[in-house]
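Structure, as structure tokens:
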Number of protein chains: 2
Amino acid sequence: MTPRVAWPNVADIPAPPLTEDRTGFAVRRDRLRAMAVEHDLDAVVISSLVNVRYLTGFTGSNGALLLRPDGDDVLATDGRYTTQASAQAPELTLLIERACATALTAEAARAGVARLGYESHVVTVDGFEGLRAAAAEHRPGVELLSLGSAVEALRAIKDAAEIDALREACAIADAALAALISDGGLRAGRSEREVGRDLDNRMLALGAEAVSFETIVAAGANSAIPHHRPSDAVLAVGDFVKLDFGATFAGYHSDMTRTLVLGPPADWQREVYELVATAQRLGREALTVGASVVDVDAAARAPIVEAGHGAAFSHGLGHGVGLEIHEAPALSALGAGRLAADMAVTVEPGVYLAGRGGVRIEDTLVVGTDGPALLTMTGKELVAL
Amino acid sequence: MTPRVAWPNVADIPAPPLTEDRTGFAVRRDRLRAMAVEHDLDAVVISSLVNVRYLTGFTGSNGALLLRPDGDDVLATDGRYTTQASAQAPELTLLIERACATALTAEAARAGVARLGYESHVVTVDGFEGLRAAAAEHRPGVELLSLGSAVEALRAIKDAAEIDALREACAIADAALAALISDGGLRAGRSEREVGRDLDNRMLALGAEAVSFETIVAAGANSAIPHHRPSDAVLAVGDFVKLDFGATFAGYHSDMTRTLVLGPPADWQREVYELVATAQRLGREALTVGASVVDVDAAARAPIVEAGHGAAFSHGLGHGVGLEIHEAPALSALGAGRLAADMAVTVEPGVYLAGRGGVRIEDTLVVGTDGPALLTMTGKELVAL
């Protein structure tokens, strides 16, 4: 077994205060530093690019971070990003090397580090050989210890700047859907692909850096496929149309699903819709500080199971969302842990009736002591177009 | 050190013939099988999703492949993809499990495998612990041996279906650029971002599944930044405009760069352009079967170095392209190996003059015994709009 440190509950680690000369990134590094010191690590090498971004602000496609107890942190990247790294993380020492994590490991070993933390869920077997060789070359006996998902655990709890970015990303998605509908873009005769591109272009025009993931537009029977890719299938009167989409803003992802009906809804459509809407409301109401993620999933699942559609809700209730579209925590029967204030999560139950159609309703929310804050503001009443 | 098998030169492994009941995927699996048998591996687990797609046609977001000498190969994926996997890889045994590679390793161990190949450049340290535990549980003493990049080496040489897909992807990019220009979409006053979106939408409308990567539109001084992200900067008369973009078709990526001038080119612009065009021609001409990738890079680099701009050509000459936008081989001073027939590569020298502007010209080509086949057909004369 890879030696592994056991982290305390992330929510128990107090965030050092922001001061004028310390950015949010410095605060995040200090929280990780406190965890490292507590576990007698002499330094930590971060290899995950998204974790490097979270801890430094650096957005290049190659980079790693060396975090040290004395605060002399080093950002490594290659020559393409010298200017960008200096601009995005001016307070960090910069090391220009192609093999970033290896170079930082060598640097740590040279500086006398004996216990070095690394990300065993990110570093490949080959990459680990490189780290081990670099350490051994500069200081025999350096111990490489798995950090586990320590940074992902920190990332689960959002700071104010992160929540602002998520709020803006959600607002872009809300505005794009509103415009799509009011301009008549959701109508019989258009293909799923056309609708998807229209929605994507509206998000980009409204300031999205990118779309959060490949937009799902699923009409009629296709709406019963949870992750349908937009096809040339044409929207028809009487169809459920399921739209699952999001925008990124400052690196943060929004995630929202709405299901509408083209024309007057049939009784079965109303029934399924109301069932999913009820489940979704119960899921949102279960988002309380301290709630177990398993219980939150169960709260939303209960009415669906009771209605005999348990097997037709074939996925977890939701997931954390931030710099990645799927991140900690998982709201699922297979998840673990409890909710903490300022976790950003989705709540997205669905019922899928093969061959007929399906409904999913999804919001992005932030857990708080006064109940969850809703970031996706589009209404959830059944809309018939 | 991780135990590692030493592969023969991929180009030396004959491709078994296609027959009526064997798809191109079966041929690819048979080539890998031949390599595995030659190295006394009892089975191989493929974890890389793109390698799984290459060997099976399966395109889901979770999957792994168990390849066995007797040909009873198993594709593992989770419940979301049961229908899709059966449709895309009907000839394979299907195993439905969330932890795909772990489940296949357990299956191999149960079946008596003693020497199991795995992808050490893809599997993380944590993932490897999972494989090792699964193997040990079902058969003590199973040896896990690194395959290295065996599948990536196979992928470097394209078959006819792959070249057709690349050709179509390139044709889409060519047509999109032609339409952008003829419709007046490249003009002073538009922002880089607007031009980028316009080009992307044209590719999607022409049948691209997606864009190959974030389209680069770099105007004026921004064209001197090799990998500039489109910004709100506005195109102006006298600017170089560098466009680096591509389309995906059937999973295959095109990659093309053209640099144009808005209005009559200045003398310095003509000079830089002609220099890069000469370098690019020399690079294309150096694409011969058996040429060392280092020599191909050097052939294109020579005139740029001679003109005193060696430092301003700050990247490699090109890269393989296929199911990934960057794959083997690397055409670079840091690369290794020789070109073989049916390798698909880019040739993309550039000269970047900080604060003034830069030029890059890039084609996608296929190496062949009668010289390279050009897949990107847009002309390379200096265009002044």
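Convention: chains lettered A, B, ... in structure tokens order; per-chain residue numbering from 1; ligands numbered from 1 as shown.
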Please find the residues of chain A near chain B - the criterion being any atom within 10 Å, counting only C-alpha atoms - and write them as a PyMOL selection string. chain A and resi 1-2+79-81+119-130+132-133+146+148+193-194+197-198+201+204-205+210+214+225-227+314-315
Serialized selection, N, CA and C atoms, as a tab-separated table (two decimals), in the first residue's frame:
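Final output, out_4.tsv:
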```tsv
chain	number	residue	atom	x	y	z
A	1	MET	N	0.83	-1.22	0.00
A	1	MET	CA	0.00	0.00	0.00
A	1	MET	C	0.87	1.27	0.00
A	2	THR	N	0.45	2.24	-0.74
A	2	THR	CA	1.10	3.55	-0.71
A	2	THR	C	0.86	4.17	0.67
A	79	GLY	N	8.15	27.14	-20.69
A	79	GLY	CA	8.48	28.44	-21.27
A	79	GLY	C	7.33	29.14	-21.97
A	80	ARG	N	6.30	28.38	-22.40
A	80	ARG	CA	5.17	29.02	-23.06
A	80	ARG	C	4.41	29.94	-22.11
A	81	TYR	N	4.54	29.68	-20.81
A	81	TYR	CA	3.68	30.36	-19.84
A	81	TYR	C	4.43	31.28	-18.89
A	119	GLU	N	0.04	13.80	-4.94
A	119	GLU	CA	-1.36	13.45	-5.23
A	119	GLU	C	-1.44	12.09	-5.93
A	120	SER	N	-1.64	11.05	-5.13
A	120	SER	CA	-1.61	9.69	-5.68
A	120	SER	C	-2.82	9.37	-6.54
A	121	HIS	N	-3.88	10.19	-6.48
A	121	HIS	CA	-5.05	9.96	-7.33
A	121	HIS	C	-4.90	10.65	-8.68
A	122	VAL	N	-3.81	11.41	-8.85
A	122	VAL	CA	-3.58	12.16	-10.08
A	122	VAL	C	-2.32	11.67	-10.78
A	123	VAL	N	-1.26	11.44	-10.00
A	123	VAL	CA	0.02	11.04	-10.56
A	123	VAL	C	-0.08	9.60	-11.08
A	124	THR	N	0.37	9.38	-12.33
A	124	THR	CA	0.33	8.03	-12.89
A	124	THR	C	1.49	7.21	-12.32
A	125	VAL	N	1.44	5.91	-12.56
A	125	VAL	CA	2.52	5.02	-12.12
A	125	VAL	C	3.84	5.49	-12.72
A	126	ASP	N	3.82	5.82	-14.02
A	126	ASP	CA	5.05	6.32	-14.65
A	126	ASP	C	5.49	7.65	-14.03
A	127	GLY	N	4.52	8.53	-13.78
A	127	GLY	CA	4.84	9.81	-13.18
A	127	GLY	C	5.46	9.64	-11.80
A	128	PHE	N	4.95	8.69	-11.06
A	128	PHE	CA	5.48	8.43	-9.71
A	128	PHE	C	6.93	7.96	-9.78
A	129	GLU	N	7.23	7.11	-10.78
A	129	GLU	CA	8.64	6.68	-10.95
A	129	GLU	C	9.53	7.90	-11.14
A	130	GLY	N	9.03	8.87	-11.90
A	130	GLY	CA	9.79	10.10	-12.15
A	130	GLY	C	10.01	10.89	-10.87
A	132	ARG	N	9.95	9.70	-7.80
A	132	ARG	CA	10.81	8.93	-6.91
A	132	ARG	C	12.28	9.05	-7.33
A	133	ALA	N	12.51	8.96	-8.64
A	133	ALA	CA	13.88	9.04	-9.13
A	133	ALA	C	14.46	10.44	-8.86
A	146	SER	N	1.10	9.88	0.12
A	146	SER	CA	-0.11	10.29	-0.58
A	146	SER	C	-0.88	11.34	0.22
A	148	GLY	N	-3.87	12.02	-0.69
A	148	GLY	CA	-5.28	11.77	-0.98
A	148	GLY	C	-5.86	12.96	-1.71
A	193	ARG	N	-29.92	19.21	-32.40
A	193	ARG	CA	-28.61	19.82	-32.63
A	193	ARG	C	-28.74	21.34	-32.84
A	194	GLU	N	-29.72	21.75	-33.63
A	194	GLU	CA	-29.92	23.19	-33.87
A	194	GLU	C	-30.23	23.93	-32.56
A	197	ARG	N	-27.05	24.19	-30.40
A	197	ARG	CA	-26.10	25.23	-30.86
A	197	ARG	C	-26.62	26.62	-30.58
A	198	ASP	N	-27.93	26.78	-30.76
A	198	ASP	CA	-28.54	28.08	-30.50
A	198	ASP	C	-28.33	28.46	-29.02
A	201	ASN	N	-24.63	29.28	-28.36
A	201	ASN	CA	-24.23	30.58	-28.87
A	201	ASN	C	-24.77	31.71	-28.01
A	204	LEU	N	-22.51	31.98	-25.01
A	204	LEU	CA	-21.23	32.61	-25.36
A	204	LEU	C	-21.41	34.10	-25.58
A	205	ALA	N	-22.50	34.47	-26.25
A	205	ALA	CA	-22.75	35.89	-26.51
A	205	ALA	C	-23.02	36.65	-25.21
A	210	ALA	N	-17.02	29.53	-21.99
A	210	ALA	CA	-17.22	28.27	-22.71
A	210	ALA	C	-18.51	27.67	-22.19
A	214	GLU	N	-20.94	19.32	-22.97
A	214	GLU	CA	-21.73	19.23	-24.20
A	214	GLU	C	-23.21	19.31	-23.84
A	225	ILE	N	-33.43	9.10	-22.25
A	225	ILE	CA	-32.02	8.70	-22.16
A	225	ILE	C	-31.33	9.75	-21.29
A	226	PRO	N	-30.83	9.36	-20.10
A	226	PRO	CA	-30.32	10.38	-19.17
A	226	PRO	C	-29.28	11.32	-19.79
A	227	HIS	N	-28.30	10.74	-20.54
A	227	HIS	CA	-27.25	11.58	-21.12
A	227	HIS	C	-27.22	11.52	-22.63
A	314	SER	N	-32.09	6.43	-12.20
A	314	SER	CA	-30.95	5.51	-12.26
A	314	SER	C	-29.62	6.15	-11.94
A	315	HIS	N	-29.63	7.36	-11.38
A	315	HIS	CA	-28.36	8.02	-11.08
A	315	HIS	C	-28.46	8.71	-9.72
```
Contacts of range 88-100 of chain B at 12 Å or less, counting only C-alpha atoms, minus same-chain residues fewer than 2 places along, as a PyMOL selection string? (chain A and resi 334) or (chain B and resi 21-26+29+45-49+52-68+71-86+102-107+127+130-131+134)
Need to verify the contact set: Val211 in chain A, 7 Å, only C-alpha atoms, exclusion of same-chain residues closer than 3 positions in sequence. Can you return it as a list in words? Asp200, Ala208, Gly246, Ala247 and Thr248 of chain A
List every residue of range 88-322 of chain A that DSSP, applied to the backbone of this structure, assigns to helix (DSSP H, G or I), and report them as a PyMOL selection string. chain A and resi 88+100-110+125-138+150-155+160-182+192-205+220-224+267-285+293-306+310-312
With a distance cut-off of 7 Å and only C-alpha atoms, select the neighbouring residues of range 287-302 of chain B, excluding the residue or stretch itself and same-chain residues fewer than 3 positions from it, and output the selection as a ChimeraX atom specification. /B:279-280,282-284,305-306,316-317,331-333,335-341,367-369,371-372
Closest of A:Ile325, A:Ala161, A:Ala109, A:Val261 to Glu137 in chain A - atom-to-atom distances counting only C-alpha atoms: A:Ala109
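The shell of residues at most 9 Å from Asp239 in chain B, with only C-alpha atoms counted and near chain neighbours (fewer than 6 positions) removed, consists of Ala188, Ala219, Gly220, Ala221, Ser223, Leu260, Val261, Leu262, Gly263, Pro265 and Gly357 of chain B.
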Residues of the last selection are to be written out with N, CA and C atoms, as a PDB file, in the first residue's frame.
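Result file is part_25.pdb:
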```
ATOM      1  N   ALA B 188     -11.746  44.229 -40.484  1.00  0.00           N
ATOM      2  CA  ALA B 188     -11.438  45.188 -39.426  1.00  0.00           C
ATOM      3  C   ALA B 188     -12.726  45.533 -38.682  1.00  0.00           C
ATOM      4  N   ALA B 219      -4.904  38.677 -33.505  1.00  0.00           N
ATOM      5  CA  ALA B 219      -4.754  39.793 -34.443  1.00  0.00           C
ATOM      6  C   ALA B 219      -3.652  40.746 -33.987  1.00  0.00           C
ATOM      7  N   GLY B 220      -2.959  41.323 -34.978  1.00  0.00           N
ATOM      8  CA  GLY B 220      -1.949  42.334 -34.671  1.00  0.00           C
ATOM      9  C   GLY B 220      -0.858  41.763 -33.792  1.00  0.00           C
ATOM     10  N   ALA B 221      -0.505  42.501 -32.747  1.00  0.00           N
ATOM     11  CA  ALA B 221       0.575  42.065 -31.856  1.00  0.00           C
ATOM     12  C   ALA B 221       0.240  40.726 -31.195  1.00  0.00           C
ATOM     13  N   SER B 223      -0.794  38.180 -32.551  1.00  0.00           N
ATOM     14  CA  SER B 223      -0.391  37.057 -33.406  1.00  0.00           C
ATOM     15  C   SER B 223       1.025  36.591 -33.058  1.00  0.00           C
ATOM     16  N   LEU B 260      -3.217  35.636 -42.234  1.00  0.00           N
ATOM     17  CA  LEU B 260      -3.559  36.558 -43.330  1.00  0.00           C
ATOM     18  C   LEU B 260      -3.209  37.977 -42.894  1.00  0.00           C
ATOM     19  N   VAL B 261      -3.292  38.896 -43.838  1.00  0.00           N
ATOM     20  CA  VAL B 261      -3.101  40.310 -43.497  1.00  0.00           C
ATOM     21  C   VAL B 261      -4.366  41.062 -43.874  1.00  0.00           C
ATOM     22  N   LEU B 262      -4.778  41.972 -43.011  1.00  0.00           N
ATOM     23  CA  LEU B 262      -5.908  42.848 -43.345  1.00  0.00           C
ATOM     24  C   LEU B 262      -5.348  44.068 -44.054  1.00  0.00           C
ATOM     25  N   GLY B 263      -5.657  44.204 -45.325  1.00  0.00           N
ATOM     26  CA  GLY B 263      -5.113  45.320 -46.098  1.00  0.00           C
ATOM     27  C   GLY B 263      -3.772  44.947 -46.690  1.00  0.00           C
ATOM     28  N   PRO B 265      -0.045  44.178 -47.261  1.00  0.00           N
ATOM     29  CA  PRO B 265       0.995  43.796 -46.320  1.00  0.00           C
ATOM     30  C   PRO B 265       2.181  44.753 -46.361  1.00  0.00           C
ATOM     31  N   GLY B 357       4.062  41.096 -34.352  1.00  0.00           N
ATOM     32  CA  GLY B 357       3.142  40.115 -34.909  1.00  0.00           C
ATOM     33  C   GLY B 357       3.885  38.860 -35.274  1.00  0.00           C
TER      34      GLY B 357
END
```
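Between Ala224 in chain B and the candidates B:Ser212, B:Gly350, B:Arg281, B:Met35, the tightest atom-to-atom separation, counting only C-alpha atoms, involves B:Gly350.
Ranking A:Met377, A:Leu385, A:Val347, A:Val27 by their shortest atom-to-atom distance to Asp159 in chain A, with only C-alpha atoms included, puts A:Val27 first.
Comparing A:Ala36, A:Ile361, A:Ala250, A:Leu186 by their smallest distance to Leu166 in chain A, the closest is A:Ala250 (using only C-alpha atoms).
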Residues within 6 Å of Glu192 in chain A, please, as a list in words. Count only C-alpha atoms; anything in the same chain fewer than 5 positions from it doesn't count. Val217, Pro230, Ser231 and Ala233 of chain A
Give me a file of those residues, with all heavy atoms, as an mmCIF file, in the first residue's frame.
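Wrote part-v5.cif, looks like this:
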```cif
data_model
loop_
_atom_site.group_PDB
_atom_site.id
_atom_site.type_symbol
_atom_site.label_atom_id
_atom_site.label_comp_id
_atom_site.auth_asym_id
_atom_site.auth_seq_id
_atom_site.Cartn_x
_atom_site.Cartn_y
_atom_site.Cartn_z
ATOM 1 N N VAL A 217 -29.723 18.214 -25.427
ATOM 2 C CA VAL A 217 -31.071 18.529 -25.877
ATOM 3 C C VAL A 217 -31.677 17.197 -26.287
ATOM 4 O O VAL A 217 -31.144 16.528 -27.181
ATOM 5 C CB VAL A 217 -31.079 19.497 -27.077
ATOM 6 C CG1 VAL A 217 -32.514 19.796 -27.506
ATOM 7 C CG2 VAL A 217 -30.334 20.783 -26.738
ATOM 8 N N PRO A 230 -27.171 15.498 -28.437
ATOM 9 C CA PRO A 230 -28.074 16.095 -29.425
ATOM 10 C C PRO A 230 -27.879 15.446 -30.791
ATOM 11 O O PRO A 230 -26.752 15.256 -31.236
ATOM 12 C CB PRO A 230 -27.647 17.566 -29.461
ATOM 13 C CG PRO A 230 -26.951 17.806 -28.174
ATOM 14 C CD PRO A 230 -26.324 16.495 -27.794
ATOM 15 N N SER A 231 -28.975 15.105 -31.434
ATOM 16 C CA SER A 231 -28.930 14.406 -32.721
ATOM 17 C C SER A 231 -29.701 15.223 -33.749
ATOM 18 O O SER A 231 -30.127 16.350 -33.493
ATOM 19 C CB SER A 231 -29.570 13.027 -32.569
ATOM 20 O OG SER A 231 -30.971 13.182 -32.391
ATOM 21 N N ALA A 233 -32.561 14.406 -34.624
ATOM 22 C CA ALA A 233 -33.980 14.189 -34.311
ATOM 23 C C ALA A 233 -34.675 15.548 -34.207
ATOM 24 O O ALA A 233 -34.126 16.503 -33.665
ATOM 25 C CB ALA A 233 -34.114 13.426 -32.998
#
```
Strand (DSSP E or B) positions in range 113-227 of chain B, given as a ChimeraX atom specification: /B:115-118,124,143-146,157,191,210-211,216-219
Just write the chosen residues, N, CA, C and O atoms, as an mmCIF file, in the first residue's frame.
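See selection.cif below for the written result:
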```cif
data_model
loop_
_atom_site.group_PDB
_atom_site.id
_atom_site.type_symbol
_atom_site.label_atom_id
_atom_site.label_comp_id
_atom_site.auth_asym_id
_atom_site.auth_seq_id
_atom_site.Cartn_x
_atom_site.Cartn_y
_atom_site.Cartn_z
ATOM 1 N N ARG B 115 0.662 -13.174 -15.986
ATOM 2 C CA ARG B 115 1.357 -11.953 -16.416
ATOM 3 C C ARG B 115 0.344 -11.054 -17.125
ATOM 4 O O ARG B 115 -0.091 -11.343 -18.231
ATOM 5 N N LEU B 116 -0.006 -9.950 -16.471
ATOM 6 C CA LEU B 116 -1.054 -9.059 -16.979
ATOM 7 C C LEU B 116 -0.451 -7.709 -17.349
ATOM 8 O O LEU B 116 0.170 -7.053 -16.513
ATOM 9 N N GLY B 117 -0.625 -7.304 -18.596
ATOM 10 C CA GLY B 117 -0.149 -5.995 -19.026
ATOM 11 C C GLY B 117 -1.135 -4.900 -18.641
ATOM 12 O O GLY B 117 -2.342 -5.126 -18.632
ATOM 13 N N TYR B 118 -0.633 -3.709 -18.289
ATOM 14 C CA TYR B 118 -1.516 -2.577 -17.970
ATOM 15 C C TYR B 118 -0.817 -1.294 -18.421
ATOM 16 O O TYR B 118 0.380 -1.298 -18.745
ATOM 17 N N THR B 124 -3.329 5.742 -12.443
ATOM 18 C CA THR B 124 -2.733 6.513 -11.343
ATOM 19 C C THR B 124 -2.189 5.564 -10.278
ATOM 20 O O THR B 124 -2.489 4.360 -10.276
ATOM 21 N N GLU B 143 1.506 -10.991 -11.858
ATOM 22 C CA GLU B 143 2.478 -9.940 -12.140
ATOM 23 C C GLU B 143 1.814 -8.872 -13.003
ATOM 24 O O GLU B 143 1.253 -9.204 -14.062
ATOM 25 N N LEU B 144 1.901 -7.620 -12.577
ATOM 26 C CA LEU B 144 1.363 -6.521 -13.394
ATOM 27 C C LEU B 144 2.537 -5.882 -14.127
ATOM 28 O O LEU B 144 3.467 -5.371 -13.503
ATOM 29 N N LEU B 145 2.484 -5.903 -15.442
ATOM 30 C CA LEU B 145 3.604 -5.422 -16.250
ATOM 31 C C LEU B 145 3.189 -4.220 -17.082
ATOM 32 O O LEU B 145 2.123 -4.236 -17.723
ATOM 33 N N SER B 146 4.028 -3.193 -17.097
ATOM 34 C CA SER B 146 3.690 -2.004 -17.877
ATOM 35 C C SER B 146 3.746 -2.304 -19.371
ATOM 36 O O SER B 146 4.714 -2.855 -19.872
ATOM 37 N N ILE B 157 0.044 4.980 -36.647
ATOM 38 C CA ILE B 157 -0.111 4.588 -38.057
ATOM 39 C C ILE B 157 -1.588 4.380 -38.341
ATOM 40 O O ILE B 157 -2.241 3.550 -37.732
ATOM 41 N N SER B 191 -14.172 41.602 -33.348
ATOM 42 C CA SER B 191 -13.240 41.160 -32.302
ATOM 43 C C SER B 191 -12.744 39.748 -32.625
ATOM 44 O O SER B 191 -13.375 38.994 -33.368
ATOM 45 N N ALA B 210 -17.591 18.586 -33.295
ATOM 46 C CA ALA B 210 -17.122 19.551 -32.296
ATOM 47 C C ALA B 210 -15.939 20.269 -32.920
ATOM 48 O O ALA B 210 -15.518 19.929 -34.035
ATOM 49 N N VAL B 211 -15.421 21.274 -32.232
ATOM 50 C CA VAL B 211 -14.166 21.862 -32.695
ATOM 51 C C VAL B 211 -13.039 21.040 -32.066
ATOM 52 O O VAL B 211 -13.201 20.450 -30.994
ATOM 53 N N ILE B 216 -7.952 29.445 -32.109
ATOM 54 C CA ILE B 216 -7.084 30.594 -31.861
ATOM 55 C C ILE B 216 -7.344 31.637 -32.954
ATOM 56 O O ILE B 216 -7.242 31.332 -34.146
ATOM 57 N N VAL B 217 -7.720 32.835 -32.546
ATOM 58 C CA VAL B 217 -7.780 33.985 -33.450
ATOM 59 C C VAL B 217 -6.913 35.043 -32.790
ATOM 60 O O VAL B 217 -7.209 35.476 -31.672
ATOM 61 N N ALA B 218 -5.836 35.433 -33.461
ATOM 62 C CA ALA B 218 -4.873 36.353 -32.851
ATOM 63 C C ALA B 218 -4.555 37.443 -33.855
ATOM 64 O O ALA B 218 -4.025 37.165 -34.921
ATOM 65 N N ALA B 219 -4.904 38.677 -33.505
ATOM 66 C CA ALA B 219 -4.754 39.793 -34.443
ATOM 67 C C ALA B 219 -3.652 40.746 -33.987
ATOM 68 O O ALA B 219 -3.451 40.957 -32.785
#
```
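If you look at CA of Gly318 in chain B and CA of Leu375 in chain B, they are 14.7 Å away from each other.
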